[in-house]
Amino acid sequence: MNVTINGERRDVPAPITLQQLLGELGLDGRKVAIERNREIVPKSTYERVDLADGDKLEIVHFIGGGAPEGPVADDTFTVAGHVLKSRLIVGTGKYKDFEETARALEASGADMVTVAVRRVNVSDPTKPMLVDFVDPKKYIYLPNTAGCFTADDALRTLRLAREAGGWDLVKLEVLGDQKTLYPNMIETLAAAEILIKEKFQVMVYCSDDPIMAKRLEDLGCCAIMPLAAPIGSGLGVQNPVGIRLIIEQSHVPVIVDAGVGTASDATVAMELGCDGVLMNTAIAEAKDPIKMARAMKLAVEAGRLAYQAGRMKRKMYADPSSPLAGLI
């Protein structure tokens with residue numbers, strides 16, 4: 001009989017179960033999620049689900065979309081019940097290979113990593129997978145909806161992500177257009193409302209608009225993630241006033257997401273009072289990703305310490321450090 005797998009028509013023997021098909025393809029059912037005719041198939045039923053002629057299957061997995069020194073003692077923060085020692089969250093895309101990804105994550109000291117959901121390469125099932133290099137038992141996987149431009153696409157992606165790995169904590173991003181990759185807030189709000197009703201814990205990428213951020217928190221999002229600048233731009237924090245207002249009004253963690261280019265950008269975000277910073281391109285596209293990952297770790301810690309310490313007041317005129325009385 002004929003079935004379509006990840007958009008490719010294939011002839012398969014009949015009868016055949018999903019479990020048998022995975023065996024034919026050389027895939028490990030524990031590492032993938034399957035959608036059959038746009039309905040997610042629970043892993044526990046693979047052996048009992050018989051394929052029919054004309055079935056359309058999507059088989060997906062996660063892709064890359066502890067450090068030698070620990071973070072500042074006792075300065076953790078919590079997202080949806082997950083206690084994070086590091087305030088740096090790192091993406092897993094754009095590295096030259098999975099080995100470099102793993103080395104950069106180690107250098108960053110991150111506890112949480114974002115992962116994209118993509119089709120499995122059924123033509124080459126021996127191709128390495130992210131989970132073979134980045135252990136989901138060591139890192140908190142944060143499935144995201146990178147590349148989704150509608151609420152429906154985002155919902156479909158995250159439902160598959162939950163089936164693939166059982167993750168309820170997810171990062172929602174619904175993009176408006178290819179040029180800016182700014183969030184489409186109308187679609188984001190619609191998707192967030194549905195996901196929360198389905199018992200997902202939603203960390204949400206959003207504009208740096210305090211009004212929209214408040215609406216997302218009121219819906220029940222567990223973390224607000226305003227952009228610093230367009231995704232992958234490296235421009236740094238462009239609207240510190242807006243982000244500061246979001247921080248002041250929020251009762252959930254605020255994590256700057258997108259636009260960080262170098263260590264000083266991460267420090268600025270943390271000095272504003274953000275709970276954390278998420279980045280990918282700034283590390284992955286550095287000339288030396290491992291050194292940059294280490295730099296970002298230190299920058300986030302320095303910015304956090306500076307925020308806690310409280311900066312000196314800005315003054316209009318000079319104020320000497322040494323007293324003028326008693327000069328020789």
# chains A, B, ... in the order shown; residues from 1 in each chain; ligands from 1

$ closest_atom_pairs --of "stretch 19-133 of chain A" --to "stretch 144-152 of chain A" --cutoff "7 Å" --atoms "only C-alpha atoms" --output "JSON lines"
{"residue": "A:Thr114", "atom": "CA", "partner": "A:Asn144", "partner_atom": "CA", "distance": 6.4}
{"residue": "A:Val115", "atom": "CA", "partner": "A:Asn144", "partner_atom": "CA", "distance": 6.1}
{"residue": "A:Ala116", "atom": "CA", "partner": "A:Asn144", "partner_atom": "CA", "distance": 5.5}

$ write_last_selection --atoms "C-alpha atoms" --output "mmCIF file, in the first residue's frame"
data_model
loop_
_atom_site.group_PDB
_atom_site.id
_atom_site.type_symbol
_atom_site.label_atom_id
_atom_site.label_comp_id
_atom_site.auth_asym_id
_atom_site.auth_seq_id
_atom_site.Cartn_x
_atom_site.Cartn_y
_atom_site.Cartn_z
ATOM 1 C CA THR A 114 15.490 25.524 23.519
ATOM 2 C CA VAL A 115 14.893 22.866 20.874
ATOM 3 C CA ALA A 116 13.008 23.017 17.596
#

$ select_by_dssp --residues "stretch 35-213 of chain A" --states "helix (DSSP H, G or I)" --output "NGL selection string"
:A and (43-45 or 98-108 or 130-132 or 151-165 or 185-197 or 210-213)

$ residues_around --residues "A:Arg38" --least-positions-apart "2" --cutoff "9 Å" --atoms "only C-alpha atoms" --output "list in words"
Glu35, Arg36, Ile40, Lys56, Leu57, Glu58 and Arg156 of chain A

$ write_last_selection --atoms "N, CA and C atoms" --output "CSV table (one decimal), in the first residue's frame"
chain,number,residue,atom,x,y,z
A,35,GLU,N,2.4,11.8,14.0
A,35,GLU,CA,1.1,12.3,13.7
A,35,GLU,C,0.6,11.6,12.5
A,36,ARG,N,-0.6,11.0,12.6
A,36,ARG,CA,-1.2,10.2,11.5
A,36,ARG,C,-2.5,10.9,11.1
A,40,ILE,N,-2.3,13.1,16.6
A,40,ILE,CA,-1.2,12.5,17.3
A,40,ILE,C,-1.4,11.1,17.8
A,56,LYS,N,-1.3,9.6,5.9
A,56,LYS,CA,-0.3,10.6,5.9
A,56,LYS,C,0.3,10.7,7.3
A,57,LEU,N,1.6,10.5,7.3
A,57,LEU,CA,2.3,10.5,8.6
A,57,LEU,C,3.3,11.6,8.6
A,58,GLU,N,3.4,12.2,9.8
A,58,GLU,CA,4.5,13.2,10.1
A,58,GLU,C,5.3,12.5,11.3
A,156,ARG,N,-0.1,22.8,16.6
A,156,ARG,CA,0.3,21.5,16.1
A,156,ARG,C,1.7,21.1,16.5

$ select_by_dssp --residues "stretch 242-301 of chain A" --states "strand (DSSP E)" --output "VMD selection string"
chain A and resid 255 to 257 276 to 279

$ closest_atom_pairs --of "stretch 12-124 of chain A" --to "stretch 283-300 of chain A" --cutoff "10 Å" --atoms "only C-alpha atoms" --output "tab-separated table"
residue	atom	partner	partner_atom	distance
A:Ala67	CA	A:Arg294	CA	8.8
A:Glu69	CA	A:Lys297	CA	10.0
A:Gly70	CA	A:Lys297	CA	9.9
A:Pro71	CA	A:Lys297	CA	8.4
A:Ser86	CA	A:Lys297	CA	8.2
A:Arg87	CA	A:Val300	CA	6.9
A:Leu88	CA	A:Lys297	CA	6.6
A:Ile89	CA	A:Lys297	CA	9.6
A:Val90	CA	A:Ile283	CA	8.5
A:Gly91	CA	A:Ala284	CA	8.6
A:Thr92	CA	A:Ala284	CA	8.2
A:Gly93	CA	A:Ala284	CA	7.4
A:Lys94	CA	A:Ala284	CA	5.7
A:Tyr95	CA	A:Ala284	CA	5.2
A:Lys96	CA	A:Ala284	CA	8.2
A:Glu100	CA	A:Ile290	CA	7.9
A:Thr101	CA	A:Ala284	CA	8.0
A:Ala102	CA	A:Ile290	CA	9.6
A:Arg103	CA	A:Ile290	CA	6.6
A:Ala104	CA	A:Ile290	CA	4.8
A:Leu105	CA	A:Ala293	CA	7.3
A:Glu106	CA	A:Ala293	CA	8.5
A:Ala107	CA	A:Arg294	CA	5.1
A:Ser108	CA	A:Ala293	CA	4.6
A:Gly109	CA	A:Lys297	CA	6.6
A:Ala110	CA	A:Lys297	CA	7.9

$ atom_distance --atom1 "atom CA of A:Asp50" --atom2 "atom CA of A:Val117"
25.1 Å

$ closest_residue --among "A:Asp111, A:Lys127, A:Leu155, A:Ile246" --to "A:Phe77" --atoms "only C-alpha atoms"
A:Asp111

$ closest_residue --among "A:Pro226, A:Pro42, A:Pro210, A:Pro125" --to "A:Leu172" --atoms "only C-alpha atoms"
A:Pro226

$ atom_distance --atom1 "atom CA of A:Asn239" --atom2 "atom CA of A:Thr267"
14.7 Å

$ residues_around --residues "stretch 185-198 of chain A" --least-positions-apart "4" --cutoff "8 Å" --atoms "only C-alpha atoms" --output "PyMOL selection string"
chain A and resi 150-152+154-155+172-174+202+204+206-207+212+216+219-221

$ atom_distance --atom1 "atom CA of A:Pro15" --atom2 "atom CA of A:Asn2"
11.5 Å

$ closest_residue --among "A:Leu130, A:Leu272, A:Ala228, A:Asp53" --to "A:Gly259" --atoms "only C-alpha atoms"
A:Ala228
